[in-house]
2 protein chains.
Amino acid sequence: VGITIRDVAEAAGVSPATVSRALRGMPNVNASTRARIKSAAARLDYVASPSASRLASGRTGSIAVITPYISRWYFSTVLSGVESVLQAAGMDLLLLCLDDKADSREVPSAAQRLRRRVDGALIIAMPPTDPQVREVLDLGMPTSLIGVTTEGVPGVAIDDTQAARLATQHLVNLGHERIGLIGGSSVEAQFTAESDRERGYRQVLRDNGIALDASLMSSGYFTISGGERAMTNLLTLSQPPTAVFAMSDEMAFGALRSLSLHGLVPGRDVSIVGIDGHDVSEHLNLTTVAQPVGQLGRLAAESLLLQIQASSEDPIPGVLRVPTQLQVRGSTGPRSTPRS
Amino acid sequence: VGITIRDVAEAAGVSPATVSRALRGMPNVNASTRARIKSAAARLDYVASPSASRLASGRTGSIAVITPYISRWYFSTVLSGVESVLQAAGMDLLLLCLDDKADSREVPSAAQRLRRRVDGALIIAMPPTDPQVREVLDLGMPTSLIGVTTEGVPGVAIDDTQAARLATQHLVNLGHERIGLIGGSSVEAQFTAESDRERGYRQVLRDNGIALDASLMSSGYFTISGGERAMTNLLTLSQPPTAVFAMSDEMAFGALRSLSLHGLVPGRDVSIVGIDGHDVSEHLNLTTVAQPVGQLGRLAAESLLLQIQASSEDPIPGVLRVPTQLQVRGSTGPRSTPRS
């Protein structure tokens with residue numbers, strides 16, 4: 001049958017539960033006991049198997065990360081931050097991508113797949129109203145949201161309204177009054193990030209006595225090509241904007257491309273500002289409100305591990321807000337005199 | 001204790017092994033039996049637990065993906081392809097990032113973490129000479145490499161020599177003779193991709209009677225900023241290149257940035273070609289040799305699942321080569337007459 005956790009416990013003269021805690025790097029095991037246990041485990045060539053560990057600790061040693069995208073910059077950067085913390089804690093990372101088609105597939109739902117398999121879940125920028133996300137939240141296991149917030153669920157996020165205010169106010173300070181917005185879908189804002197960023201944009205216009213012009217708001221669906229189409233639409237207006245706030249850097253990349261195709265120079269003819277701090281932004285000379293994306297992932301993972309270790313009487317943590325920062329580059333500049 | 005696989009087997013009138021095969025979507029279960037089993041499992045609210053499944057099938061239902069980076073475009077795009085196949089097959093994806101520091105950390109090695117936990121492993125673009133990778137290969141479980149190749153291990157990769165030949169020949173065809181190379185590290189090529197791409201570059205120069213000039217070869221370390229520094233170095237030569245082949249699109253992005261900072265126009269003053277087909281390349285108007293990166297991930301995952309299902313007498317599959325394609329854009333153009 002092979003070496004079990006009981007063999008290690010016997011060799012080290014401790015209980016199986018202590019072996020489990022020690023090998024997982026959990027607290028409440030003193031250093032010399034931990035060293036003795038590690039040495040016994042190494043001598044016996046013991047590796048915790050999920051089932052054996054579960055017997056001893058009631059835990060699986062695994063955390064699920066649920067994300068709607070893997071290859072998009074924001075999501076892969078969060079995932080990278082999460083992974084670094086889980087690896088250092090000796091936890092396994094179970095990756096689940098939930099796209100629109102997941103519902104219709106003949107595969108078990110996310111919640112079905114997670115039950116009894118993981119000790120907790122991290123959900124990256126998915127709307128808590130999504131039925132599959134709701135089902136995971138209903139499992140009642142330790143869970144943390146990243147990038148979105150909802151009542152009663154711990155999470156880590158930026159202040160999206162404030163980030164949008166920083167971006168829009170920067171354009172106002174440069175003398176712009178016709179300020180376009182490139183956002184997500186015009187039909188419905190699925191993410192709190194989206195509605196919060198639009199709110200920040202509206203607030204700054206109102207605070208500066210600039211009338212909202214709905215024709216200056218265009219949908220870019222958070223993709224590069226969507227941003228390009230949205231900017232092109234804005235340029236066809238009889239009175240195009242002199243500056244545009246794009247809700248994400250990737251949409252801003254598309255907007256820069258559209259300007260270039262029209263022979264317009266960013267920062268001189270039309271100013272563009274994004275949100276993200278995408279690693280390509282510096283190379284495209286894009287002004288952006290940078291968010292610490294890797295840190296969002298790290299903080300969420302650390303806070304989830306604390307939740308898992310906490311006793312059931314401890315209060316559930318709230319939402320941790322991390323600050324953003326305006327990075328001014330060449331894509332924004334003072335409003336030029338109208339071209340004749 | 002809850003519902004076990006035996007309860008489902010009894011309800012459906014089949015063996016536990018058949019339940020396991022049916023719920024995993026494996027072959028050799030006919031459609032009506034599979035439907036009866038699924039219906040019984042749903043009625044009993046049964047979800048396969050890793051330990052129970054392992055008892056019945058000897059398998060864990062999990063696949064490990066081992067990668068040196070998560071947030072870089074190539075790696076996250078491969079991962080996305082892998083995940084889509086594993087999810088459709090109902091397999092869990094255990095994600096492990098092995099960076100340089102992994103060796104020195106007080107955490108178990110990758111091989112220790114995978115033993116008895118997964119049915120197989122996919123390794124993304126890591127040198128098979130890496131000690132941690134070697135240890136995983138030595139476990140003898142079904143394994144597939146992505147983007148690199150080594151004797152005796154199945155894998156999916158492009159023909160890197162051919163991809164580099166396509167890129168370099170394109171520059172030769174445009175009349176260029178002083179053709180720079182931006183590669184990885186000058187000290188040692190850790191990846192077969194790197195040495196193969198340099199070989200393709202050298203071959204095309206030789207085939208066209210162009211002498212190799214070592215001063216035209218610069219290290220970009222496969223990052224955007226490394227590519228920018230490498231291009232800047234090339235521009236400081238007394239006789240700078242009129243065209244540059246960068247071994248990756250991200251290094252080419254950096255090279256474009258360096259040109260722009262020097263007031264040079266890509267495709268007119270200096271031509272740049274990359275390899276990848278990165279999703280930002282189109283927007284930067286970069287000529288590139290595109291590789292189907294998501295498809296590499298999907299094919300590797302599919303081939304690994306076949307290996308796992310195969311009997312031990314079946315031959316181990318070899319390396320699957322997927323084709324690349326030159327995409328000509330504005331960053332390359334005919335050699336201009338020397339600037340005076």
# chains A, B, ... in the order shown; residues from 1 in each chain; ligands from 1
>>> closest_atom_pairs(of="chain B", to="chain A", cutoff="6 Å", atoms="only C-alpha atoms", output="JSON lines")
{"residue": "B:Ser51", "atom": "CA", "partner": "A:Ser51", "partner_atom": "CA", "distance": 5.8}
{"residue": "B:Ile70", "atom": "CA", "partner": "A:Ser80", "partner_atom": "CA", "distance": 5.3}
{"residue": "B:Ser71", "atom": "CA", "partner": "A:Ser76", "partner_atom": "CA", "distance": 4.6}
{"residue": "B:Ser76", "atom": "CA", "partner": "A:Ser71", "partner_atom": "CA", "distance": 4.6}
{"residue": "B:Thr77", "atom": "CA", "partner": "A:Ser71", "partner_atom": "CA", "distance": 4.8}
{"residue": "B:Ser80", "atom": "CA", "partner": "A:Ile70", "partner_atom": "CA", "distance": 5.3}
{"residue": "B:Leu93", "atom": "CA", "partner": "A:Leu95", "partner_atom": "CA", "distance": 5.5}
{"residue": "B:Leu94", "atom": "CA", "partner": "A:Leu94", "partner_atom": "CA", "distance": 4.8}
{"residue": "B:Leu95", "atom": "CA", "partner": "A:Leu93", "partner_atom": "CA", "distance": 5.5}
>>> write_last_selection(atoms="N, CA, C and O atoms", output="compact mmCIF listing (two decimals), in the first residue's frame")
# COMPACT_ATOMS: atom_id res chain seq x y z
N SER B 51 -10.42 10.19 -4.78
CA SER B 51 -10.00 8.93 -4.18
C SER B 51 -10.89 7.78 -4.64
O SER B 51 -10.41 6.70 -4.97
N ILE B 70 3.44 32.22 -16.48
CA ILE B 70 2.00 32.14 -16.66
C ILE B 70 1.50 33.33 -17.46
O ILE B 70 0.67 33.21 -18.33
N SER B 71 2.03 34.52 -17.17
CA SER B 71 1.43 35.71 -17.76
C SER B 71 2.02 36.09 -19.12
O SER B 71 1.48 36.95 -19.79
N SER B 76 0.45 31.69 -21.71
CA SER B 76 -0.96 31.75 -21.34
C SER B 76 -1.85 31.29 -22.49
O SER B 76 -2.92 30.72 -22.27
N THR B 77 -1.39 31.50 -23.74
CA THR B 77 -2.19 31.07 -24.88
C THR B 77 -2.15 29.55 -25.03
O THR B 77 -3.17 28.91 -25.32
N SER B 80 -4.37 28.15 -22.31
CA SER B 80 -5.78 28.29 -22.64
C SER B 80 -6.23 27.15 -23.55
O SER B 80 -7.31 26.57 -23.37
N LEU B 93 -7.23 20.26 -14.10
CA LEU B 93 -5.95 20.82 -14.53
C LEU B 93 -5.23 21.37 -13.30
O LEU B 93 -5.69 22.32 -12.66
N LEU B 94 -4.10 20.75 -12.98
CA LEU B 94 -3.27 21.19 -11.86
C LEU B 94 -2.14 22.04 -12.44
O LEU B 94 -1.36 21.56 -13.27
N LEU B 95 -2.07 23.30 -12.04
CA LEU B 95 -1.11 24.23 -12.65
C LEU B 95 0.11 24.42 -11.76
O LEU B 95 -0.01 24.72 -10.57
>>> residues_around(residues="Val244 (chain A)", least_positions_apart="5", cutoff="10 Å", atoms="only C-alpha atoms", output="list in words")
Ala167, Thr168, Leu171, His176, Arg178, Ile179, Gly180, Leu181, Ile182, Leu216, Met217, Met231, Leu234, Ala252, Ala255, Val270, Ser271, Ile272, Val273, Gly274 and Thr332 of chain A
>>> write_last_selection(atoms="N, CA and C atoms", output="PDB file, in the first residue's frame")
ATOM      1  N   ALA A 167      -8.475  59.069 -14.646  1.00  0.00           N
ATOM      2  CA  ALA A 167      -8.270  59.118 -16.100  1.00  0.00           C
ATOM      3  C   ALA A 167      -9.000  60.306 -16.711  1.00  0.00           C
ATOM      4  N   THR A 168     -10.269  60.484 -16.332  1.00  0.00           N
ATOM      5  CA  THR A 168     -11.086  61.527 -16.949  1.00  0.00           C
ATOM      6  C   THR A 168     -10.626  62.920 -16.507  1.00  0.00           C
ATOM      7  N   LEU A 171      -7.748  64.235 -18.428  1.00  0.00           N
ATOM      8  CA  LEU A 171      -8.114  64.804 -19.734  1.00  0.00           C
ATOM      9  C   LEU A 171      -8.719  66.200 -19.565  1.00  0.00           C
ATOM     10  N   HIS A 176      -9.474  69.406 -22.284  1.00  0.00           N
ATOM     11  CA  HIS A 176     -10.447  68.728 -23.143  1.00  0.00           C
ATOM     12  C   HIS A 176     -11.858  68.872 -22.584  1.00  0.00           C
ATOM     13  N   ARG A 178     -14.701  67.797 -25.105  1.00  0.00           N
ATOM     14  CA  ARG A 178     -15.383  66.697 -25.825  1.00  0.00           C
ATOM     15  C   ARG A 178     -14.577  65.427 -25.546  1.00  0.00           C
ATOM     16  N   ILE A 179     -14.985  64.715 -24.498  1.00  0.00           N
ATOM     17  CA  ILE A 179     -14.241  63.544 -24.036  1.00  0.00           C
ATOM     18  C   ILE A 179     -15.058  62.286 -24.300  1.00  0.00           C
ATOM     19  N   GLY A 180     -14.552  61.417 -25.176  1.00  0.00           N
ATOM     20  CA  GLY A 180     -15.252  60.177 -25.498  1.00  0.00           C
ATOM     21  C   GLY A 180     -14.995  59.105 -24.448  1.00  0.00           C
ATOM     22  N   LEU A 181     -15.875  58.103 -24.451  1.00  0.00           N
ATOM     23  CA  LEU A 181     -15.713  56.950 -23.556  1.00  0.00           C
ATOM     24  C   LEU A 181     -15.772  55.679 -24.396  1.00  0.00           C
ATOM     25  N   ILE A 182     -14.758  54.825 -24.259  1.00  0.00           N
ATOM     26  CA  ILE A 182     -14.843  53.493 -24.875  1.00  0.00           C
ATOM     27  C   ILE A 182     -15.015  52.496 -23.743  1.00  0.00           C
ATOM     28  N   LEU A 216     -20.889  60.286 -27.612  1.00  0.00           N
ATOM     29  CA  LEU A 216     -19.446  60.115 -27.388  1.00  0.00           C
ATOM     30  C   LEU A 216     -19.121  58.824 -26.650  1.00  0.00           C
ATOM     31  N   MET A 217     -20.155  58.021 -26.340  1.00  0.00           N
ATOM     32  CA  MET A 217     -19.924  56.768 -25.624  1.00  0.00           C
ATOM     33  C   MET A 217     -20.062  55.598 -26.601  1.00  0.00           C
ATOM     34  N   MET A 231     -13.224  53.469 -31.644  1.00  0.00           N
ATOM     35  CA  MET A 231     -12.547  54.738 -31.942  1.00  0.00           C
ATOM     36  C   MET A 231     -12.907  55.201 -33.349  1.00  0.00           C
ATOM     37  N   LEU A 234     -16.177  56.818 -33.293  1.00  0.00           N
ATOM     38  CA  LEU A 234     -16.123  58.159 -32.698  1.00  0.00           C
ATOM     39  C   LEU A 234     -15.562  59.174 -33.692  1.00  0.00           C
ATOM     40  N   ALA A 252      -7.642  50.662 -25.524  1.00  0.00           N
ATOM     41  CA  ALA A 252      -6.863  51.857 -25.885  1.00  0.00           C
ATOM     42  C   ALA A 252      -5.861  51.526 -27.003  1.00  0.00           C
ATOM     43  N   ALA A 255      -7.699  51.795 -30.069  1.00  0.00           N
ATOM     44  CA  ALA A 255      -7.980  53.198 -30.378  1.00  0.00           C
ATOM     45  C   ALA A 255      -6.747  53.865 -30.998  1.00  0.00           C
ATOM     46  N   VAL A 270      -5.590  63.653 -31.022  1.00  0.00           N
ATOM     47  CA  VAL A 270      -6.568  63.082 -30.086  1.00  0.00           C
ATOM     48  C   VAL A 270      -5.798  62.450 -28.925  1.00  0.00           C
ATOM     49  N   SER A 271      -6.221  62.744 -27.702  1.00  0.00           N
ATOM     50  CA  SER A 271      -5.588  62.140 -26.525  1.00  0.00           C
ATOM     51  C   SER A 271      -6.309  60.859 -26.143  1.00  0.00           C
ATOM     52  N   ILE A 272      -5.523  59.843 -25.723  1.00  0.00           N
ATOM     53  CA  ILE A 272      -6.096  58.558 -25.312  1.00  0.00           C
ATOM     54  C   ILE A 272      -5.524  58.190 -23.942  1.00  0.00           C
ATOM     55  N   VAL A 273      -6.413  57.789 -23.021  1.00  0.00           N
ATOM     56  CA  VAL A 273      -5.951  57.258 -21.730  1.00  0.00           C
ATOM     57  C   VAL A 273      -6.680  55.945 -21.461  1.00  0.00           C
ATOM     58  N   GLY A 274      -5.963  54.957 -20.909  1.00  0.00           N
ATOM     59  CA  GLY A 274      -6.566  53.661 -20.590  1.00  0.00           C
ATOM     60  C   GLY A 274      -6.557  53.394 -19.098  1.00  0.00           C
ATOM     61  N   THR A 332      -1.402  61.356 -24.283  1.00  0.00           N
ATOM     62  CA  THR A 332      -2.292  62.445 -23.881  1.00  0.00           C
ATOM     63  C   THR A 332      -1.525  63.759 -23.914  1.00  0.00           C
TER      64      THR A 332
END
>>> closest_residue(among="B:Leu205, B:Arg59, B:Val172, B:Arg165", to="Val118 (chain B)", atoms="only C-alpha atoms")
B:Arg59
>>> select_by_dssp(residues="region 262-335 of chain A", states="strand (DSSP E or B)", output="PyMOL selection string")
chain A and resi 266+270-276+287-290+319-322+325-327
>>> residues_around(residues="Gly183 (chain B)", least_positions_apart="2", cutoff="12 Å", atoms="only C-alpha atoms", output="ChimeraX atom specification")
/B:164,180-181,185-191,193-199,201,216-224,226-231,244-252,255,274-275
